[in-house]
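Since the structure comes first, as structure tokens, the remarks are kept for the end.
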Amino acid sequence: MEKLLQIWHSSGIYQLETGQAVMMVVGLILLYLAIRKNFEPLLLVPIGFGGLLANIPGAGLADPGGALYMIYQVGIETGMFPLIIFMGVGAMTDFGPLLANPKTLFLGAAAQFGIFATLLGAVGLTSMGLMDFSLADAAAIGIIGGADGPTSIYVASVLAPDLLGPIAVASYSYMALVPLIQPPIMRALTSESERQIKMVQLRHVSKTEKIAFPLLVLILVAMLLPDAAPLLGMFCFGNLMKECGVVDRLSDTVQNALINIVTIFLGLGVGSKLSAEKFLNAETLGILVLGMVAFGIGTASGVLMAKLMNRLTGGGINPLIGSAGVSAVPMAARVSNKLGLEANSQNFLLMHAMGPNVAGVVGSAVAAGIMINFVGG
């Protein structure tokens, strides 16, 4: 009988706490969204499953020495996973739409407004005594508004390592939930006639332009803002491997095997921070709220800038592509295209939206460099 009691007391059911049960439900919800609703399954499946593992009572997978803890320490806390992911994203990115329509660079820049607005908001809440964030913490939280998980993780690892977990969870959660978060904002800020605007065919971009562009971007930006060099350098390196055409094996590895492996471990590492004791507290919930505000402002800023450009240029720019100025590649561009097709079944905006989408990646890397340079210093 005593042996049976010992076994019972060591079981997960006996040790299960309310917070762990809540977070296991959260993990199951993320898996449901990924599997049933197909919301960015490459992100949500490992994150959701990691959340389940982290909350199994007595397993200690997210505790020091546990498997999830080691994954987090090696790849996320050091900032290596975000840099490798950025290299893979660069190898999968086509700068053609941006080069064909350079005006969309302004949309990517406008969408970064959410980052700086949220920084000011976090500082304001702290000054009112509602939150307790330092300027570095506020800067790291604001980066969530770019909807760029790797950038958010990298900035948090430099400026606010103690907040890295909740910032990573918020960033990747909002990236994955772009199809849910963005459409209501886009519909609220545009009219039916604006959503129906058809855009003209993009011009052909030569191979020479595509090879020269990442080199020029890296040299110009990194020389002015060295703190942006790690993220932007890996992104441009991945893109150069794709466009130069002489290292196809390396490009293929980065686009497929390498980024897939790192995505698995990064997702599990982020999921490890869904443990109840680290997630169910006022600070983390505050970060989630501020991150949502940042993402919403970034989306709205891009749409409003596109509306302004459409007016100033005499028409021809669909405001829906402005929302793609956030860095969630290619999810945000797909959302723009989907809403365009809903308004007009012949309205294909995907390639047009990829211009601001790619510009948003560059913009978020530049914003990260600015934050690290001024706030970190």
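How things are named: the first chain in the structure tokens is A, the next is B, and so on; residues count from 1 in each chain; ligands count from 1 in the order shown.
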
Can you pull out every residue from region 109-209 of chain A that DSSP, working from the backbone, puts in alpha helix (DSSP H), and format the result as a VMD selection string? chain A and resid 109 to 110 113 to 127 135 to 142 149 to 159 164 to 176 178 to 189 192 to 195 207 to 209

Env of region 241-244 of chain A: 12 Å cut, atoms = only C-alpha atoms, seq-sep filter 2 positions within chain, self excluded. Answer as a VMD selection string. chain A and resid 87 to 96 205 to 215 234 to 239 246 to 255

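You can rank A:Gly369, A:Gly50, A:Gly121, A:Pro64 by their closest distance to Asp227 (chain A) using only C-alpha atoms, and at the top of that list sits A:Gly369.
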
Separation of CA of Val221 (chain A) and CA of Val329 (chain A), in Å?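 Those two atoms sit 20.8 Å apart.
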
Find the residues near region 152-158 of chain A: any atom within 8 Å, counting only C-alpha atoms, skip ones fewer than 6 places away on the same chain, and give them as number ranges by chain. A: 76-79, 82-83, 137, 140-141, 143-144, 164, 167-168, 171, 368, 372, 376

Write to file, as an mmCIF file, in the first residue's frame, the residues of the selection just made, with C-alpha atoms.
```cif
data_model
loop_
_atom_site.group_PDB
_atom_site.id
_atom_site.type_symbol
_atom_site.label_atom_id
_atom_site.label_comp_id
_atom_site.auth_asym_id
_atom_site.auth_seq_id
_atom_site.Cartn_x
_atom_site.Cartn_y
_atom_site.Cartn_z
ATOM 1 C CA ILE A 76 17.879 31.200 -28.224
ATOM 2 C CA GLU A 77 19.692 32.815 -25.309
ATOM 3 C CA THR A 78 22.895 33.029 -27.357
ATOM 4 C CA GLY A 79 21.004 34.563 -30.287
ATOM 5 C CA PRO A 82 17.532 33.950 -34.887
ATOM 6 C CA LEU A 83 20.621 34.661 -37.002
ATOM 7 C CA ASP A 137 12.955 46.437 -21.630
ATOM 8 C CA ALA A 140 12.839 44.952 -26.598
ATOM 9 C CA ILE A 141 9.053 44.762 -26.140
ATOM 10 C CA ILE A 143 10.277 45.177 -31.466
ATOM 11 C CA ILE A 144 7.369 42.723 -31.227
ATOM 12 C CA LEU A 164 13.495 36.988 -23.584
ATOM 13 C CA ILE A 167 8.967 38.328 -25.760
ATOM 14 C CA ALA A 168 9.766 35.239 -27.842
ATOM 15 C CA SER A 171 6.479 37.486 -31.157
ATOM 16 C CA ALA A 368 16.650 46.625 -34.097
ATOM 17 C CA ILE A 372 20.586 48.380 -29.678
ATOM 18 C CA GLY A 376 21.877 49.470 -25.310
#
```

Contacts of Thr118 (chain A) within 10 Å, only C-alpha atoms, excl. fewer than 3 positions in-chain, as a ChimeraX atom specification: /A:113-115,121-124,138-145,290-295,297-298

Among the residues A:Glu192, A:Gln201, A:Phe265, A:Ala117, the one that comes closest to Leu43 (chain A) [using only C-alpha atoms]: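 Once distances to Leu43 (chain A) are computed over only C-alpha atoms, the minimum belongs to A:Phe265.
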
Using 8 Å as the limit and counting only C-alpha atoms, can you tabulate each residue of region 52-138 of chain A that touches region 339-356 of chain A, with its shortest atom-to-atom distance in Å and the two atoms involved, as JSON lines?
```
{"residue": "A:Phe95", "atom": "CA", "partner": "A:Gly355", "partner_atom": "CA", "distance": 7.2}
{"residue": "A:Gly96", "atom": "CA", "partner": "A:Gly355", "partner_atom": "CA", "distance": 7.7}
{"residue": "A:Pro97", "atom": "CA", "partner": "A:Gly355", "partner_atom": "CA", "distance": 4.7}
{"residue": "A:Leu98", "atom": "CA", "partner": "A:Gly355", "partner_atom": "CA", "distance": 4.0}
{"residue": "A:Leu99", "atom": "CA", "partner": "A:Gly355", "partner_atom": "CA", "distance": 7.8}
{"residue": "A:Asn101", "atom": "CA", "partner": "A:Gly355", "partner_atom": "CA", "distance": 7.1}
{"residue": "A:Pro102", "atom": "CA", "partner": "A:Gly355", "partner_atom": "CA", "distance": 7.8}
{"residue": "A:Thr104", "atom": "CA", "partner": "A:Pro356", "partner_atom": "CA", "distance": 5.0}
{"residue": "A:Leu105", "atom": "CA", "partner": "A:Pro356", "partner_atom": "CA", "distance": 5.8}
{"residue": "A:Phe106", "atom": "CA", "partner": "A:Pro356", "partner_atom": "CA", "distance": 7.7}
{"residue": "A:Leu107", "atom": "CA", "partner": "A:Pro356", "partner_atom": "CA", "distance": 5.5}
{"residue": "A:Gly108", "atom": "CA", "partner": "A:Pro356", "partner_atom": "CA", "distance": 4.7}
```

Which residue gives the smallest distance to Glu40 (chain A) among A:Ala332, A:Ala228, A:Leu120, A:Ala365, with only C-alpha atoms counted?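 Once distances to Glu40 (chain A) are computed over only C-alpha atoms, the minimum belongs to A:Ala332.
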
Nearest to Leu177 (chain A), chosen from A:Met24, A:Ala276, A:Ala34, A:Ile7, with only C-alpha atoms counted in the distances: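 Distance minimum relative to Leu177 (chain A) lands on A:Ala34.
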
Just checking: using only C-alpha atoms, which residue out of A:Leu232, A:Gly325, A:Glu283, A:Ser275 ends up closest to Leu61 (chain A)? A:Ser275

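Distance annotation: of A:Leu304, A:Val178, A:Met199, A:Leu280, the residue with the minimal separation from Val335 (chain A) is A:Val178; atom set is only C-alpha atoms.
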
Could you check how far CA of Val25 (chain A) sits from CA of Gly48 (chain A), in Å to one decimal?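 Computing it gives 9.6 Å between the two atoms.
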
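CA of Lys273 (chain A) is found 20.5 Å from CA of Asp132 (chain A).
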